[in-house]
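All remarks here apply to the structure that follows.
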Amino acid sequence: MIHRPTVLTLALAAVLPAFAQQASTDEKKDKTQLETVVITAERRVENIRDVPNAVAKISGEKLDVLASGGQDVRFLSGRVPSLNIESSYGRAFPRFYIRGYGNTDFRLNASQPVSLVYDDVIQENPILKGFPVFDVSNVEVIAGPQGTLFGRNTPAGVVKFESVRPSHKKDGYVSVSAGSQGMLNLEAAANLPLEGDWAARLSGQVQRRKDWVTNTFANAVTPKTEGYTDIGLRAQVLYEPHKQFSALFNLHHRDLDGSPRLFRANIMKPGTSDLVDDFDINKASFDGVNEQTIKQTGGSARLKWALPGLNVYSITGYESIKPFSRGDIDGGYGADFARPMGPGFIPFPVETSDGISGHRQLSQEVRLESSAAGPMRWQAGVYLFDEKFRVESIDYNAFTHQPNTTSRTEQTNKAQAVFGALNYDVSSSFKLRGGLRYTQDKKDLSTTGPVDTSAGTSAHTDDSKWNWDASATYALDKGVNLYTRYATGFRASSIQPASAFAPQSQAKPEDVKSFEVGLKGDFWNRKARLSASLFRYEVTNQQLTAVGGGANANRLINASKTNGSGFELNLDLLPTPDLLITAGVSLNNTKFNDPNLKVDACGSGCTLVDPILVPANPAQFKFAPTVGINGNPLPQAPKWTVNMTARWSFPLDNGDEIYVYTDWAYRSKINFFLYEAKEYTGKALTEGGLRVGYLWNDGKYEVAGYVRNLTNQIRATGGIDFNNLTGFVNEPRSYGVAFKAQF
């Protein structure tokens, strides 16, 4: 892989500080109490304690620490209860799971039951969800269903990012870090010195890592891999002539040149979930081409009119993305019919690529919000969505690396919705909320090329659905609330295009019903904050992707019922002004409840766990056993997650500060696929980090050293099951130093 020159890196470092000037001293915070946490989970600014829904927020220093080392959005995985994020594409295409509920589909037209919202604009295509995290004020993780205020494709929840807004303060920051594996990261932002009613903010990030995995295959076309140069830019302009009107414009861009996820052949020890004894994370041996690029450009206009007793919001969004990812899917070299081969047994070689062209996403929302005083408040609005793109899939000759076959799929998706929500204060201690939304969603798909045509090559879906929610909050006292919530949500139909290995398939809409009760409160004179919830949900016709198997098929199916239940707990604790502790834990019990649900099992000699063999389905099951999966847990759904952070501050006599910050995340074992196999069961994973820093000049300057994955625990986090015991692993330990200056 060829890294781009870092002219932009140098330009950002030089230009942004020049625009920034010394900021005025902010009001000193009360260090003896926890800060009040405000969120926008229900499209209003509210104290997190008053929102009758499980919500977690990450912001400030905690967000900076977790992102140390140049990681992509997956650094959030496990950092709040019930959140898991994984990817088989590397820094592209993250897949989100909340309360065990997600989607393992890796196709570029896949939909997800967890929606990602960036600056009030829904990022629908899965590649859009990987936009770099920089100059972000906060991240909110909102448990689903969220079918009323956020719409379709949110039955599992929403992950919501909010960028730092422009202001008239003449301030900014520059952050530079360097570390192991050739990592070099630069992040900078500044409010530009505009006059009058205008304000602007420019921010950017460059993340770079050298290729650190050596390919030991002789005469490899990709001698090294796992490096990247990932550039993100954002420009915002705020026009606010008076209190009755404001307009916030946002332009953003991403340019990634890197490596796809590195698949490694036969790294699973047969009959176990362990890696093979001679596994070396710094080496691989494969004969294919590994490369990945992404170009993304988008913008939005957020307008607000403050009328008497009424606020009017207009949110217009545009996104366009062009990804290309090519990789050695079998993870090795040669084949049984073209020796030498390895590592281990390679039944047949596979080298493929997928890319998107002609993509554009348009969205428009108009929302009305009451602002008059009184016991009743309401919201109402309309939402429009229009997306189109073309996917090009290429199969290459694994020995000459020239294209063999090319298939092209075009998809359009149009949706529209009307929605409303009502809040009513029955008394100062008892409050009710409810919402209703009607959505219509249409998709059209067509495929051309040498594909299986037995189920056709085109499809049309047309779904419509009413969703609603109702909740109640009761204040035990001014600092502690009890709440209960019932909500519904849905995910629109999905279409899987035909391929050379499998016919076109389709999954009908899935619906979810969820019940939740919880407690939120501040205790110990606001030195402790606790939120706890119990939940249960049932999904009807959950859309599942039966991936791989002996036929190398990838097809959509529906499970008639899926059940999930558990609890979540978040705790913030400030025992002394110089020690802050946060902790979270969740229990998620998930299972399929469908006696007729069956899939093609692994085609690579894996060891099935208590297999229930059933009569084979038609042709797609001709290479591997068919197994029933009724009662199995959902894939990528850990039963337990635990997270904690602790920050110790050591103030110095001159006003400077030394601090120690540690963070840890644990998840229990997971299934990679719908069936259970010993080799494709991810072992429990614990990852920790440590940061030691020095702050001076009233915290405006900081230097720190950090370590990520402190114990260097390496686990398989996913697999490829059609060929051999191929998998991929988590990131190894990394370390570095960082400097940050605020102006």
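Chains: A, B, ... in order of the structure tokens. Residues: from 1 per chain. Ligands: from 1, in order shown.
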Near A:Ala178, counting only C-alpha atoms, which residues have an atom at most 12 Å away, once you skip same-chain residues fewer than 4 positions from it, shown as a PyMOL selection string? chain A and resi 68-70+182-187+206-210+703-707+734-739
May I have the selected residues written with C-alpha atoms, as a PDB file, in the first residue's frame?
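And here's part.pdb as it stands now:
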```pdb
ATOM      1  CA  SER A  68      -6.038   7.254  21.708  1.00  0.00           C
ATOM      2  CA  GLY A  69      -3.911   5.352  19.237  1.00  0.00           C
ATOM      3  CA  GLY A  70      -5.753   6.212  16.031  1.00  0.00           C
ATOM      4  CA  GLY A 182       4.361   3.718  12.779  1.00  0.00           C
ATOM      5  CA  MET A 183       1.252   5.496  14.044  1.00  0.00           C
ATOM      6  CA  LEU A 184       1.040   9.253  13.533  1.00  0.00           C
ATOM      7  CA  ASN A 185      -2.180  11.103  14.314  1.00  0.00           C
ATOM      8  CA  LEU A 186      -3.054  14.764  14.041  1.00  0.00           C
ATOM      9  CA  GLU A 187      -6.314  16.380  15.056  1.00  0.00           C
ATOM     10  CA  VAL A 206      -5.231  12.651   9.834  1.00  0.00           C
ATOM     11  CA  GLN A 207      -4.638   9.110  11.105  1.00  0.00           C
ATOM     12  CA  ARG A 208      -1.753   7.142   9.706  1.00  0.00           C
ATOM     13  CA  ARG A 209      -0.281   3.740  10.432  1.00  0.00           C
ATOM     14  CA  LYS A 210       2.431   1.914   8.536  1.00  0.00           C
ATOM     15  CA  VAL A 703       1.523  15.840  27.288  1.00  0.00           C
ATOM     16  CA  ALA A 704       0.726  12.176  27.890  1.00  0.00           C
ATOM     17  CA  GLY A 705       1.852   8.636  27.292  1.00  0.00           C
ATOM     18  CA  TYR A 706      -0.704   5.935  26.541  1.00  0.00           C
ATOM     19  CA  VAL A 707      -1.089   2.203  26.013  1.00  0.00           C
ATOM     20  CA  SER A 734      -0.110  -0.225  20.912  1.00  0.00           C
ATOM     21  CA  TYR A 735       1.544   2.637  22.757  1.00  0.00           C
ATOM     22  CA  GLY A 736       2.614   6.186  22.117  1.00  0.00           C
ATOM     23  CA  VAL A 737       2.913   9.762  23.291  1.00  0.00           C
ATOM     24  CA  ALA A 738       0.529  12.649  22.695  1.00  0.00           C
ATOM     25  CA  PHE A 739       0.603  16.427  22.963  1.00  0.00           C
TER      26      PHE A 739
END
```
Which residues are close to A:Ile321, i.e. within 8 Å by only C-alpha atoms, leaving aside same-chain residues fewer than 2 positions away? Reply as a PyMOL selection string. chain A and resi 127-128+294-297+319+323+356-357+359-360
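Among the candidates A:Ser494, A:Thr412, A:Thr216, A:Gln236, the one nearest to A:Ser300 when counting only C-alpha atoms is A:Gln236.
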Within stretch 513-714 of chain A, find each residue whose DSSP state, derived from the backbone, is strand (DSSP E or B), and express the selection as a PDB file with C-alpha atoms, in the first residue's frame.
```
ATOM      1  CA  LYS A 513     -41.858  -4.879  20.831  1.00  0.00           C
ATOM      2  CA  SER A 514     -39.938  -3.858  23.935  1.00  0.00           C
ATOM      3  CA  PHE A 515     -40.768  -3.276  27.590  1.00  0.00           C
ATOM      4  CA  GLU A 516     -38.365  -1.534  29.952  1.00  0.00           C
ATOM      5  CA  VAL A 517     -38.388  -0.333  33.560  1.00  0.00           C
ATOM      6  CA  GLY A 518     -35.623   1.629  35.195  1.00  0.00           C
ATOM      7  CA  LEU A 519     -34.291   3.997  37.795  1.00  0.00           C
ATOM      8  CA  LYS A 520     -32.118   7.085  37.356  1.00  0.00           C
ATOM      9  CA  GLY A 521     -30.837   9.305  40.088  1.00  0.00           C
ATOM     10  CA  ASP A 522     -28.168  11.403  41.741  1.00  0.00           C
ATOM     11  CA  PHE A 523     -27.071  10.328  45.202  1.00  0.00           C
ATOM     12  CA  ALA A 528     -22.827   9.424  42.695  1.00  0.00           C
ATOM     13  CA  ARG A 529     -25.069   8.930  39.690  1.00  0.00           C
ATOM     14  CA  LEU A 530     -26.835   5.645  39.004  1.00  0.00           C
ATOM     15  CA  SER A 531     -29.002   4.421  36.161  1.00  0.00           C
ATOM     16  CA  ALA A 532     -30.361   0.881  36.008  1.00  0.00           C
ATOM     17  CA  SER A 533     -32.853  -0.809  33.711  1.00  0.00           C
ATOM     18  CA  LEU A 534     -34.572  -4.156  33.199  1.00  0.00           C
ATOM     19  CA  PHE A 535     -35.758  -4.953  29.690  1.00  0.00           C
ATOM     20  CA  ARG A 536     -37.369  -7.569  27.528  1.00  0.00           C
ATOM     21  CA  TYR A 537     -37.967  -7.503  23.784  1.00  0.00           C
ATOM     22  CA  GLU A 538     -39.423  -9.773  21.136  1.00  0.00           C
ATOM     23  CA  VAL A 539     -38.595  -9.548  17.446  1.00  0.00           C
ATOM     24  CA  THR A 540     -41.030 -10.932  14.900  1.00  0.00           C
ATOM     25  CA  ASN A 541     -39.577 -12.027  11.549  1.00  0.00           C
ATOM     26  CA  GLN A 542     -36.048 -10.941  12.431  1.00  0.00           C
ATOM     27  CA  GLN A 543     -33.963 -10.587   9.285  1.00  0.00           C
ATOM     28  CA  LEU A 544     -30.909 -12.851   9.415  1.00  0.00           C
ATOM     29  CA  THR A 545     -28.027 -13.466   7.049  1.00  0.00           C
ATOM     30  CA  ALA A 546     -26.963 -17.068   6.671  1.00  0.00           C
ATOM     31  CA  VAL A 547     -23.326 -16.478   5.754  1.00  0.00           C
ATOM     32  CA  GLY A 548     -20.909 -18.862   4.112  1.00  0.00           C
ATOM     33  CA  ALA A 553     -23.800 -18.937  -0.040  1.00  0.00           C
ATOM     34  CA  ASN A 554     -25.016 -15.717   1.528  1.00  0.00           C
ATOM     35  CA  ARG A 555     -28.773 -15.543   1.819  1.00  0.00           C
ATOM     36  CA  LEU A 556     -31.478 -13.754   3.779  1.00  0.00           C
ATOM     37  CA  ILE A 557     -33.912 -15.595   6.028  1.00  0.00           C
ATOM     38  CA  ASN A 558     -36.445 -14.622   8.708  1.00  0.00           C
ATOM     39  CA  ALA A 559     -36.694 -16.039  12.220  1.00  0.00           C
ATOM     40  CA  SER A 560     -40.336 -16.155  13.261  1.00  0.00           C
ATOM     41  CA  LYS A 561     -39.496 -15.069  16.832  1.00  0.00           C
ATOM     42  CA  THR A 562     -36.408 -13.844  18.667  1.00  0.00           C
ATOM     43  CA  ASN A 563     -36.358 -12.983  22.355  1.00  0.00           C
ATOM     44  CA  GLY A 564     -33.985 -10.870  24.399  1.00  0.00           C
ATOM     45  CA  SER A 565     -33.964  -9.881  28.047  1.00  0.00           C
ATOM     46  CA  GLY A 566     -31.558  -8.579  30.643  1.00  0.00           C
ATOM     47  CA  PHE A 567     -30.450  -5.622  32.667  1.00  0.00           C
ATOM     48  CA  GLU A 568     -28.056  -2.666  32.392  1.00  0.00           C
ATOM     49  CA  LEU A 569     -26.411  -0.554  35.034  1.00  0.00           C
ATOM     50  CA  ASN A 570     -24.308   2.622  34.817  1.00  0.00           C
ATOM     51  CA  LEU A 571     -22.543   4.208  37.784  1.00  0.00           C
ATOM     52  CA  ASP A 572     -20.527   7.428  38.060  1.00  0.00           C
ATOM     53  CA  LEU A 573     -18.759   7.971  41.353  1.00  0.00           C
ATOM     54  CA  LEU A 574     -16.756  10.919  42.702  1.00  0.00           C
ATOM     55  CA  PRO A 575     -15.493   9.760  46.120  1.00  0.00           C
ATOM     56  CA  THR A 576     -12.987  12.647  46.284  1.00  0.00           C
ATOM     57  CA  LEU A 579     -10.840  10.590  41.831  1.00  0.00           C
ATOM     58  CA  LEU A 580     -13.579   9.879  39.275  1.00  0.00           C
ATOM     59  CA  ILE A 581     -14.796   6.330  38.664  1.00  0.00           C
ATOM     60  CA  THR A 582     -17.300   5.160  36.058  1.00  0.00           C
ATOM     61  CA  ALA A 583     -18.599   1.622  35.649  1.00  0.00           C
ATOM     62  CA  GLY A 584     -21.168  -0.241  33.613  1.00  0.00           C
ATOM     63  CA  VAL A 585     -22.443  -3.783  33.383  1.00  0.00           C
ATOM     64  CA  SER A 586     -25.063  -5.511  31.259  1.00  0.00           C
ATOM     65  CA  LEU A 587     -26.625  -8.945  30.977  1.00  0.00           C
ATOM     66  CA  ASN A 588     -28.174  -9.921  27.646  1.00  0.00           C
ATOM     67  CA  ASN A 589     -29.966 -13.237  27.194  1.00  0.00           C
ATOM     68  CA  THR A 590     -30.882 -13.711  23.536  1.00  0.00           C
ATOM     69  CA  LYS A 591     -32.240 -16.707  21.661  1.00  0.00           C
ATOM     70  CA  PHE A 592     -34.050 -17.715  18.492  1.00  0.00           C
ATOM     71  CA  LYS A 598     -32.288 -24.018   9.936  1.00  0.00           C
ATOM     72  CA  VAL A 599     -29.117 -22.972   8.146  1.00  0.00           C
ATOM     73  CA  ASP A 600     -26.188 -24.404   6.246  1.00  0.00           C
ATOM     74  CA  LEU A 608     -20.495 -28.243  15.714  1.00  0.00           C
ATOM     75  CA  LEU A 613     -29.121 -32.280  11.972  1.00  0.00           C
ATOM     76  CA  THR A 626     -28.100 -28.539   7.664  1.00  0.00           C
ATOM     77  CA  VAL A 627     -28.585 -27.710  11.332  1.00  0.00           C
ATOM     78  CA  GLY A 628     -31.449 -26.349  13.374  1.00  0.00           C
ATOM     79  CA  TRP A 640     -22.083 -10.126  29.725  1.00  0.00           C
ATOM     80  CA  THR A 641     -20.332  -6.819  29.144  1.00  0.00           C
ATOM     81  CA  VAL A 642     -18.495  -4.868  31.840  1.00  0.00           C
ATOM     82  CA  ASN A 643     -16.688  -1.556  31.535  1.00  0.00           C
ATOM     83  CA  MET A 644     -14.955   0.807  33.931  1.00  0.00           C
ATOM     84  CA  THR A 645     -12.735   3.872  33.999  1.00  0.00           C
ATOM     85  CA  ALA A 646     -10.842   5.564  36.807  1.00  0.00           C
ATOM     86  CA  ARG A 647      -9.093   8.933  36.775  1.00  0.00           C
ATOM     87  CA  TRP A 648      -6.747   9.953  39.562  1.00  0.00           C
ATOM     88  CA  SER A 649      -5.703  13.601  39.673  1.00  0.00           C
ATOM     89  CA  PHE A 650      -2.607  14.818  41.500  1.00  0.00           C
ATOM     90  CA  PRO A 651      -2.720  18.653  41.702  1.00  0.00           C
ATOM     91  CA  GLU A 657      -1.756  18.602  37.366  1.00  0.00           C
ATOM     92  CA  ILE A 658      -0.552  15.045  36.876  1.00  0.00           C
ATOM     93  CA  TYR A 659      -3.219  12.447  36.178  1.00  0.00           C
ATOM     94  CA  VAL A 660      -3.532   8.698  35.670  1.00  0.00           C
ATOM     95  CA  TYR A 661      -6.444   7.398  33.605  1.00  0.00           C
ATOM     96  CA  THR A 662      -7.249   3.724  33.094  1.00  0.00           C
ATOM     97  CA  ASP A 663     -10.135   2.130  31.206  1.00  0.00           C
ATOM     98  CA  TRP A 664     -11.236  -1.481  30.811  1.00  0.00           C
ATOM     99  CA  ALA A 665     -13.866  -3.334  28.805  1.00  0.00           C
ATOM    100  CA  TYR A 666     -14.869  -6.989  29.072  1.00  0.00           C
ATOM    101  CA  ARG A 667     -17.231  -9.037  26.972  1.00  0.00           C
ATOM    102  CA  ILE A 670     -19.747 -14.726  21.370  1.00  0.00           C
ATOM    103  CA  ASN A 671     -20.962 -16.769  18.400  1.00  0.00           C
ATOM    104  CA  ALA A 677     -19.242 -24.286  16.366  1.00  0.00           C
ATOM    105  CA  THR A 681     -16.921 -19.133  19.134  1.00  0.00           C
ATOM    106  CA  GLY A 682     -15.054 -16.001  20.130  1.00  0.00           C
ATOM    107  CA  LEU A 685     -12.112 -10.646  25.601  1.00  0.00           C
ATOM    108  CA  THR A 686     -10.771  -8.064  28.043  1.00  0.00           C
ATOM    109  CA  GLU A 687      -9.069  -4.944  26.744  1.00  0.00           C
ATOM    110  CA  GLY A 688      -7.624  -2.206  28.890  1.00  0.00           C
ATOM    111  CA  GLY A 689      -5.916   1.099  28.435  1.00  0.00           C
ATOM    112  CA  LEU A 690      -3.666   3.370  30.484  1.00  0.00           C
ATOM    113  CA  ARG A 691      -2.867   7.051  30.022  1.00  0.00           C
ATOM    114  CA  VAL A 692      -0.551   9.123  32.207  1.00  0.00           C
ATOM    115  CA  GLY A 693      -0.478  12.840  31.543  1.00  0.00           C
ATOM    116  CA  TYR A 694       0.717  16.249  32.702  1.00  0.00           C
ATOM    117  CA  LEU A 695      -1.457  19.384  32.368  1.00  0.00           C
ATOM    118  CA  TRP A 696      -0.140  22.913  32.754  1.00  0.00           C
ATOM    119  CA  TYR A 701      -1.398  22.217  27.424  1.00  0.00           C
ATOM    120  CA  GLU A 702      -1.096  18.498  27.922  1.00  0.00           C
ATOM    121  CA  VAL A 703       1.523  15.840  27.288  1.00  0.00           C
ATOM    122  CA  ALA A 704       0.726  12.176  27.890  1.00  0.00           C
ATOM    123  CA  GLY A 705       1.852   8.636  27.292  1.00  0.00           C
ATOM    124  CA  TYR A 706      -0.704   5.935  26.541  1.00  0.00           C
ATOM    125  CA  VAL A 707      -1.089   2.203  26.013  1.00  0.00           C
ATOM    126  CA  ARG A 708      -4.048   0.498  24.337  1.00  0.00           C
TER     127      ARG A 708
END
```
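A straight line drawn from atom CA of A:Ser428 to atom CA of A:Pro145 is 27.2 Å long.
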A:Ser320, A:Thr272, A:Asn311, A:Ser180 ranked by distance to A:Glu387, top pick (using only C-alpha atoms):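 Counting only C-alpha atoms, the residue closest to A:Glu387 is A:Ser320.
For the atom pair formed by atom CA of A:Phe249 and atom CA of A:Gly355, the distance is 29.3 Å, given to one decimal.
Of the residues under consideration (A:Ala459, A:Ile142, A:Ala189, A:Ala684), A:Ala189 shows the shortest atom-to-atom contact distance to A:Gln205 when counting only C-alpha atoms.
The neighbours of A:Thr717 here are the residues that come within 7 Å of it, using only C-alpha atoms and leaving out any residue fewer than 6 positions away in the same chain; they are Gly682, Phe728, Val729 and Asn730 of chain A.
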Within 6 Å of stretch 53-58 of chain A, counting only C-alpha atoms, which residues qualify if same-chain residues fewer than 4 places away don't, as a VMD selection string? chain A and resid 63 138 to 143
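Note that atom CA of A:Pro155 and atom CA of A:Phe419 are 16.0 Å apart.
With only C-alpha atoms as the atoms that count, the minimum distance from A:Ala716 to the choices A:Asp653, A:Leu275, A:Lys388, A:Lys304 is reached by A:Leu275.
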Contacts of A:Arg408 at 9 Å (only C-alpha atoms; same-chain gap of 3+ positions) as JSON, numbers by chain: {"A": [390, 391, 392, 393, 394, 446, 447, 448, 449]}
Can I get the selected residues back with C-alpha atoms, as a compact mmCIF listing (two decimals), in the first residue's frame?
```
# COMPACT_ATOMS: atom_id res chain seq x y z
CA ARG A 390 -24.58 0.75 -7.81
CA VAL A 391 -22.57 -2.14 -6.33
CA GLU A 392 -19.90 -3.78 -8.49
CA SER A 393 -18.62 -7.18 -7.36
CA ILE A 394 -15.60 -8.73 -9.08
CA SER A 446 -31.72 -5.34 -10.13
CA THR A 447 -28.58 -7.37 -10.88
CA THR A 448 -26.72 -8.10 -14.09
CA GLY A 449 -23.81 -10.45 -14.71
```
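Residues with any atom within 8 Å of A:Gly100, counting only C-alpha atoms and excluding same-chain neighbours fewer than 4 positions away, are Ser82, Leu83, Asn84, Gly564, Asn588, Thr590, Leu634, Pro635, Gln636, Ala637, Pro638 and Lys639 of chain A.
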Quick one: of A:Arg485, A:Tyr239, A:Asn712, A:Thr214, who's nearest to A:Trp198, counting only C-alpha atoms? A:Tyr239
So, counting only C-alpha atoms, which residue among A:Val51, A:Val80, A:Ile231, A:Leu432 is closest to A:Pro132?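 Smallest distance to A:Pro132 is found for A:Ile231.
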